[in-house]
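Data block for final-v9.cif (mmCIF, C-alpha atoms):
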```cif
data_start
loop_
_atom_site.label_atom_id
_atom_site.label_comp_id
_atom_site.auth_asym_id
_atom_site.auth_seq_id
_atom_site.Cartn_x
_atom_site.Cartn_y
_atom_site.Cartn_z
CA PRO M 1 0.00 0.00 0.00
CA ALA M 2 1.08 3.61 -0.57
CA PHE M 3 0.57 4.55 3.10
CA PRO M 4 0.64 2.54 6.35
CA PRO M 5 -2.75 1.31 7.62
CA GLY M 6 -4.54 3.86 9.81
CA ILE M 7 -2.95 6.94 8.24
CA GLN M 8 -5.97 8.62 6.70
CA PRO M 9 -6.82 12.21 5.77
CA LEU M 10 -8.74 14.11 8.46
CA TYR M 11 -11.36 16.85 8.16
CA ARG M 12 -13.42 18.12 11.09
CA GLU M 13 -15.43 21.21 11.95
CA ILE M 14 -15.48 21.85 15.70
CA GLY M 15 -17.03 25.01 17.09
CA ASP M 16 -15.60 28.00 15.25
CA TRP M 17 -12.66 26.03 13.82
CA ILE M 18 -11.82 23.46 11.17
CA ILE M 19 -8.89 21.06 11.02
CA VAL M 20 -7.52 19.32 7.95
CA CYS M 21 -4.72 16.73 7.91
CA ASP M 22 -3.52 14.90 4.82
CA ASN M 23 -2.28 11.32 4.74
CA THR M 24 1.32 12.45 5.18
CA ARG M 25 0.38 13.89 8.63
CA GLN M 26 0.59 17.55 7.56
CA CYS M 27 -2.11 19.49 9.45
CA VAL M 28 -3.76 22.92 9.27
CA ALA M 29 -6.29 24.39 11.71
CA LYS M 30 -8.21 27.50 10.74
CA TYR M 31 -10.76 29.82 12.27
CA LEU M 32 -14.06 29.51 10.39
CA LEU M 33 -16.28 32.59 10.31
CA GLY M 34 -19.57 31.38 11.81
CA ASP M 35 -23.18 32.54 11.50
CA HIS M 36 -23.09 34.04 14.98
CA ASP M 37 -20.08 36.25 14.25
CA GLY M 38 -22.21 39.34 13.79
CA ASP M 39 -22.01 39.55 17.57
CA SER M 40 -18.66 37.95 18.36
CA ASN M 41 -16.65 39.54 15.55
CA PRO M 42 -18.48 42.74 14.59
CA TYR M 43 -15.50 44.72 13.34
CA ASP M 44 -13.65 42.67 10.74
CA GLU M 45 -15.13 39.83 8.69
CA ASP M 46 -11.69 39.21 7.16
CA ALA M 47 -10.09 38.42 10.53
CA GLY M 48 -8.51 35.00 10.70
CA ILE M 49 -6.02 32.75 12.45
CA VAL M 50 -4.31 29.77 10.79
CA ILE M 51 -2.23 27.19 12.68
CA ALA M 52 -0.07 24.95 10.47
CA ARG M 53 2.00 22.02 11.72
CA GLY M 54 4.38 19.80 9.82
CA ALA M 55 4.66 16.09 10.51
CA GLY M 56 7.38 14.35 12.50
CA PRO M 57 9.39 15.23 15.61
CA ALA M 58 10.84 18.35 13.97
CA GLY M 59 7.65 19.42 12.17
CA ASP M 60 7.43 23.19 11.71
CA LEU M 61 4.74 25.10 13.63
CA THR M 62 3.48 28.46 12.37
CA VAL M 63 0.67 30.82 13.33
CA ASP M 64 -0.65 33.40 10.86
CA VAL M 65 -2.98 36.19 11.96
CA THR M 66 -4.73 38.14 9.19
CA ALA M 67 -7.11 41.07 8.97
CA GLY M 68 -8.90 43.04 6.28
CA SER M 69 -6.68 46.07 6.84
CA SER M 70 -3.34 47.06 8.32
CA PHE M 71 -2.88 46.30 12.02
CA ASP M 72 -0.13 46.24 14.62
CA PRO M 73 0.59 42.65 15.78
CA ASN M 74 1.92 44.01 19.05
CA THR M 75 -1.70 44.81 19.95
CA ILE M 76 -2.69 41.12 19.80
CA ARG M 77 -4.29 40.01 23.05
CA ILE M 78 -5.46 36.66 24.40
CA ASP M 79 -8.59 37.16 26.52
CA ASP M 80 -7.74 40.89 26.46
CA ALA M 81 -4.33 40.29 28.06
CA MET M 82 -0.82 40.34 26.64
CA PRO M 83 0.53 36.87 25.77
CA ARG M 84 2.67 35.50 28.57
CA ARG M 85 5.55 35.14 26.10
CA ARG M 86 6.00 38.22 23.92
CA PRO M 87 6.21 36.79 20.38
CA LYS M 88 8.30 38.37 17.64
CA TRP M 89 5.78 38.82 14.85
CA GLU M 90 6.85 39.02 11.22
CA ARG M 91 4.53 41.19 9.16
CA PHE M 92 3.35 40.42 5.63
CA ASP M 93 0.68 41.43 3.11
CA GLU M 94 1.26 45.17 3.58
CA ASN M 95 0.87 44.84 7.36
CA GLY M 96 -2.48 43.05 6.94
CA GLY M 97 -0.97 39.85 8.33
CA ALA M 98 1.56 38.70 10.92
CA SER M 99 3.29 35.38 11.50
CA ILE M 100 5.23 33.57 14.22
CA ASP M 101 6.86 30.15 14.35
CA ASP M 102 8.81 27.70 16.51
CA VAL M 103 8.87 28.44 20.27
CA ASP M 104 6.84 31.65 19.96
CA ALA M 105 4.11 29.79 18.06
CA LEU M 106 4.11 26.88 20.53
CA SER M 107 3.64 29.18 23.52
CA PHE M 108 0.99 31.27 21.75
CA VAL M 109 -1.10 28.27 20.65
CA ARG M 110 -1.01 26.63 24.07
CA GLU M 111 -2.18 29.86 25.66
CA MET M 112 -4.99 30.18 23.09
CA ARG M 113 -6.05 26.61 23.90
CA ASP M 114 -7.39 27.65 27.31
CA ALA M 115 -8.76 31.06 26.26
CA LYS M 116 -12.01 32.34 24.76
CA THR M 117 -10.90 35.02 22.29
CA VAL M 118 -7.94 36.55 20.48
CA SER M 119 -8.21 40.23 19.58
CA TRP M 120 -6.14 43.01 18.08
CA SER M 121 -6.42 46.65 17.00
CA GLY M 122 -6.01 48.16 13.55
CA LYS M 123 -5.77 51.68 12.24
CA SER M 124 -9.46 51.83 11.38
CA ARG M 125 -11.03 48.93 13.28
CA GLY M 126 -10.40 46.08 15.67
CA SER M 127 -10.83 42.32 15.35
CA ARG M 128 -11.93 39.59 17.73
CA VAL M 129 -11.68 35.88 16.91
CA PRO M 130 -13.57 33.36 19.07
CA LEU M 131 -11.73 30.21 20.15
CA ARG M 132 -14.72 27.93 20.71
CA GLY M 133 -13.69 24.43 19.67
CA LEU M 134 -9.97 25.17 19.36
CA ALA M 135 -8.97 22.94 22.30
CA ALA M 136 -10.63 19.92 20.67
CA VAL M 137 -9.10 20.81 17.29
CA LEU M 138 -5.61 20.87 18.79
CA ILE M 139 -6.13 17.46 20.40
CA ALA M 140 -7.30 16.11 17.04
CA MET M 141 -4.13 17.50 15.44
CA ASP M 142 -1.94 15.91 18.13
CA GLU M 143 -3.70 12.59 17.64
CA ALA M 144 -3.34 12.68 13.85
CA GLN M 145 0.39 13.38 14.16
CA GLY M 146 1.04 10.97 17.04
CA ARG M 147 2.01 13.67 19.55
CA ILE M 148 -0.42 12.90 22.39
CA GLY M 149 1.50 12.81 25.68
CA ASN M 150 4.80 14.21 24.45
CA VAL M 151 6.38 17.64 24.92
CA SER M 152 5.61 18.79 21.36
CA ALA M 153 1.83 18.34 21.66
CA LEU M 154 -0.40 21.40 21.39
CA GLY M 155 -3.62 20.17 22.96
CA ARG M 156 -2.54 17.36 25.27
CA PRO M 157 1.20 17.54 26.05
CA GLY M 158 2.99 15.14 28.37
CA PRO M 159 6.43 14.16 29.63
CA ARG M 160 7.50 11.95 26.73
CA SER M 161 10.20 13.16 24.36
CA ALA M 162 9.26 14.79 21.05
CA THR M 163 11.32 12.05 19.37
CA THR M 164 8.46 9.64 20.08
CA THR M 165 6.44 11.47 17.40
CA PRO M 166 6.12 9.26 14.30
CA ALA M 167 8.22 10.27 11.32
CA PRO M 168 6.57 12.02 8.36
CA ILE M 169 4.98 9.80 5.74
CA LEU M 170 6.58 10.41 2.38
CA PRO M 171 4.18 10.69 -0.55
CA PRO M 172 4.43 7.97 -3.18
CA THR M 173 6.74 8.56 -6.11
CA VAL M 174 4.89 8.78 -9.39
CA THR M 175 6.97 7.85 -12.42
CA GLN M 176 6.03 8.31 -16.03
CA GLY M 177 5.55 5.12 -17.97
CA PRO M 178 7.02 4.43 -21.39
CA LYS M 179 5.56 6.33 -24.28
CA PRO M 180 3.25 4.07 -26.31
CA SER M 181 4.18 3.30 -29.88
CA PRO M 182 2.06 5.03 -32.53
CA LEU M 183 -0.59 2.96 -34.28
CA ALA M 184 0.69 1.46 -37.50
CA LYS M 185 -2.63 1.75 -39.38
CA PRO M 186 -5.06 3.99 -37.47
CA ASP M 187 -7.52 4.26 -40.38
CA ALA M 188 -7.76 0.49 -40.70
CA LEU M 189 -8.42 0.19 -36.96
CA ALA M 190 -11.17 2.81 -37.15
CA ARG M 191 -12.88 0.97 -40.00
CA SER M 192 -12.76 -2.29 -38.06
CA VAL M 193 -14.77 -0.88 -35.13
CA PRO M 194 -18.56 -1.13 -35.68
CA CYS M 195 -20.36 2.16 -35.27
CA TRP M 196 -24.14 2.50 -35.20
CA ALA M 197 -25.70 5.84 -35.96
CA ALA M 198 -29.29 7.02 -35.94
CA VAL M 199 -30.21 8.73 -39.19
CA GLY M 200 -33.77 10.00 -39.31
CA SER M 201 -36.05 7.14 -38.29
CA ARG M 202 -33.62 4.41 -39.30
CA THR M 203 -30.57 2.93 -37.58
CA ARG M 204 -27.79 1.67 -39.78
CA PRO M 205 -24.09 0.83 -39.41
CA ARG M 206 -21.45 3.28 -40.50
CA CYS M 207 -17.92 2.19 -41.30
CA SER M 208 -15.87 5.34 -40.71
CA LEU M 209 -15.55 6.75 -37.19
CA SER M 210 -14.13 9.99 -38.53
CA SER M 211 -17.27 10.67 -40.57
CA CYS M 212 -19.78 10.11 -37.76
CA ARG M 213 -21.48 13.48 -37.58
CA VAL M 214 -24.85 12.16 -36.45
CA LEU M 215 -26.23 11.07 -33.10
CA ILE M 216 -24.28 8.07 -31.83
CA ARG M 217 -25.96 5.49 -29.70
CA ALA M 218 -23.60 5.22 -26.73
CA LYS M 219 -25.28 2.10 -25.40
CA LEU M 220 -24.25 0.25 -28.55
CA GLY M 221 -20.59 0.99 -27.90
CA CYS M 222 -19.93 4.10 -30.02
#
```

Please express the file's structure as structure tokens.
Amino acid sequence: PAFPPGIQPLYREIGDWIIVCDNTRQCVAKYLLGDHDGDSNPYDEDAGIVIARGAGPAGDLTVDVTAGSSFDPNTIRIDDAMPRRRPKWERFDENGGASIDDVDALSFVREMRDAKTVSWSGKSRGSRVPLRGLAAVLIAMDEAQGRIGNVSALGRPGPRSATTTPAPILPPTVTQGPKPSPLAKPDALARSVPCWAAVGSRTRPRCSLSSCRVLIRAKLGC
């Protein structure tokens, strides 16, 4: 088989979040704008948070925060308080987005896990993202990547070493097969294939596939 048994793609919607993992154990969790967000996120419908995690013990972890307009990532708050670890945000998209990775991302995500909202201020408006369902999403990500109970887990860490995380699953290698030889006599082959066509009220065989310009009866094999 191309992949070991039990390694299957994952897609779940939990609360305000979705999680997607492919069958190589690469995972992405994303805030999903819900129907109730007219109350919980009244300022910025383009606000979003994306958590991406690579597979394996050394899998990269990144957090991207985005908004519909320029904002200062230093105003980002978790439950209206400064993050316990001050992350070093890298701005992108003309200051409409900010990103962190590695230790900063790990600390930020674990703090979000036990919180209710993440918010920030922009030049013209503020944003507030609800975290309902995120804790369950992070546990699902840990489970899909085999991190439950080790120090690299996001939702359910434990004392075991990160090296106990299963290695990434490499995608199968697809190789191009040999180029088929051209047909020696394509016209003769076409004439040898029976073709039935409906002409007016009658049905009669036609001998040339290339000249079939009438309705072909698919159920008869043409």

Q. Pick from M:Gly54, M:Gly68, M:Thr62, M:Pro130: nearest to M:Pro87, with only C-alpha atoms counted?
A. M:Thr62

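The residue set within 7 Å of M:Leu10, counting only C-alpha atoms and dropping same-chain residues fewer than 5 places from it, reads M:Val20, M:Cys21, M:Asp22.
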
Would you mind listing what lies within 7 Å of M:Leu61 as a PDB file with C-alpha atoms, in the coordinates of the input, with all atoms listed in the file counted and same-chain residues fewer than 2 positions away left out?
```pdb
ATOM      1  CA  ALA M  52      -0.070  24.950  10.470  1.00  0.00           C
ATOM      2  CA  ARG M  53       2.000  22.020  11.720  1.00  0.00           C
ATOM      3  CA  GLY M  54       4.380  19.800   9.820  1.00  0.00           C
ATOM      4  CA  GLY M  59       7.650  19.420  12.170  1.00  0.00           C
ATOM      5  CA  ASP M 101       6.860  30.150  14.350  1.00  0.00           C
ATOM      6  CA  ASP M 102       8.810  27.700  16.510  1.00  0.00           C
ATOM      7  CA  ALA M 105       4.110  29.790  18.060  1.00  0.00           C
TER       8      ALA M 105
END
```

(Q) Considering all atoms listed in the file, can you say which of M:Lys123, M:Arg85, M:Arg160, M:Arg113 comes closest to M:Leu138? (A) M:Arg113

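Using all atoms listed in the file, the nearest neighbour of M:Gly126 within the list M:Ile76, M:Met141, M:Val103, M:Ala153 is M:Ile76.
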
Q: Can you give me, as a PyMOL selection string, the residues this file yields under the PyMOL selection byres ((chain M and resi 120) around 12)?
A: chain M and resi 41+43-44+47-49+65-67+69-83+96-98+117-119+121-129

Keeping C-alpha atoms for every residue in the selection just given, could you write it to a file as a tab-separated table (two decimals), keeping the file's coordinate frame?
```tsv
chain	number	residue	atom	x	y	z
M	41	ASN	CA	-16.65	39.54	15.55
M	43	TYR	CA	-15.50	44.72	13.34
M	44	ASP	CA	-13.65	42.67	10.74
M	47	ALA	CA	-10.09	38.42	10.53
M	48	GLY	CA	-8.51	35.00	10.70
M	49	ILE	CA	-6.02	32.75	12.45
M	65	VAL	CA	-2.98	36.19	11.96
M	66	THR	CA	-4.73	38.14	9.19
M	67	ALA	CA	-7.11	41.07	8.97
M	69	SER	CA	-6.68	46.07	6.84
M	70	SER	CA	-3.34	47.06	8.32
M	71	PHE	CA	-2.88	46.30	12.02
M	72	ASP	CA	-0.13	46.24	14.62
M	73	PRO	CA	0.59	42.65	15.78
M	74	ASN	CA	1.92	44.01	19.05
M	75	THR	CA	-1.70	44.81	19.95
M	76	ILE	CA	-2.69	41.12	19.80
M	77	ARG	CA	-4.29	40.01	23.05
M	78	ILE	CA	-5.46	36.66	24.40
M	79	ASP	CA	-8.59	37.16	26.52
M	80	ASP	CA	-7.74	40.89	26.46
M	81	ALA	CA	-4.33	40.29	28.06
M	82	MET	CA	-0.82	40.34	26.64
M	83	PRO	CA	0.53	36.87	25.77
M	96	GLY	CA	-2.48	43.05	6.94
M	97	GLY	CA	-0.97	39.85	8.33
M	98	ALA	CA	1.56	38.70	10.92
M	117	THR	CA	-10.90	35.02	22.29
M	118	VAL	CA	-7.94	36.55	20.48
M	119	SER	CA	-8.21	40.23	19.58
M	121	SER	CA	-6.42	46.65	17.00
M	122	GLY	CA	-6.01	48.16	13.55
M	123	LYS	CA	-5.77	51.68	12.24
M	124	SER	CA	-9.46	51.83	11.38
M	125	ARG	CA	-11.03	48.93	13.28
M	126	GLY	CA	-10.40	46.08	15.67
M	127	SER	CA	-10.83	42.32	15.35
M	128	ARG	CA	-11.93	39.59	17.73
M	129	VAL	CA	-11.68	35.88	16.91
```

Q.
Please enumerate the residues selected by the PyMOL selection byres ((chain M and resi 147) around 10) when evaluated against the supplied file, formatted as an NGL selection string.
A. :M and (55-57 or 139-146 or 148-158 or 160-166)

Q | Pick from M:Asp64, M:Asp46, M:Asp16, M:Asp187 nearest to M:Val109, counting all atoms listed in the file | A | M:Asp64

(Q) So the first atom is atom CA of M:Leu106 and the second is atom CA of M:Pro168; what is the distance between them in Å, to one decimal place? (A) 19.4 Å

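Atom CA of M:Pro172 is found 27.3 Å from atom CA of M:Val50.
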
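Atom CA of M:Arg25 is positioned 14.1 Å from atom CA of M:Ile51.
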
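With the shown file loaded, the PyMOL selection byres ((chain M and resi 134) around 9) picks out Ile14, Gly15, Asp16, Trp17, Ile18, Ala29, Tyr31, Met112, Arg113, Asp114, Pro130, Leu131, Arg132, Gly133, Ala135, Ala136, Val137, Leu138, Ile139 and Gly155 of chain M.
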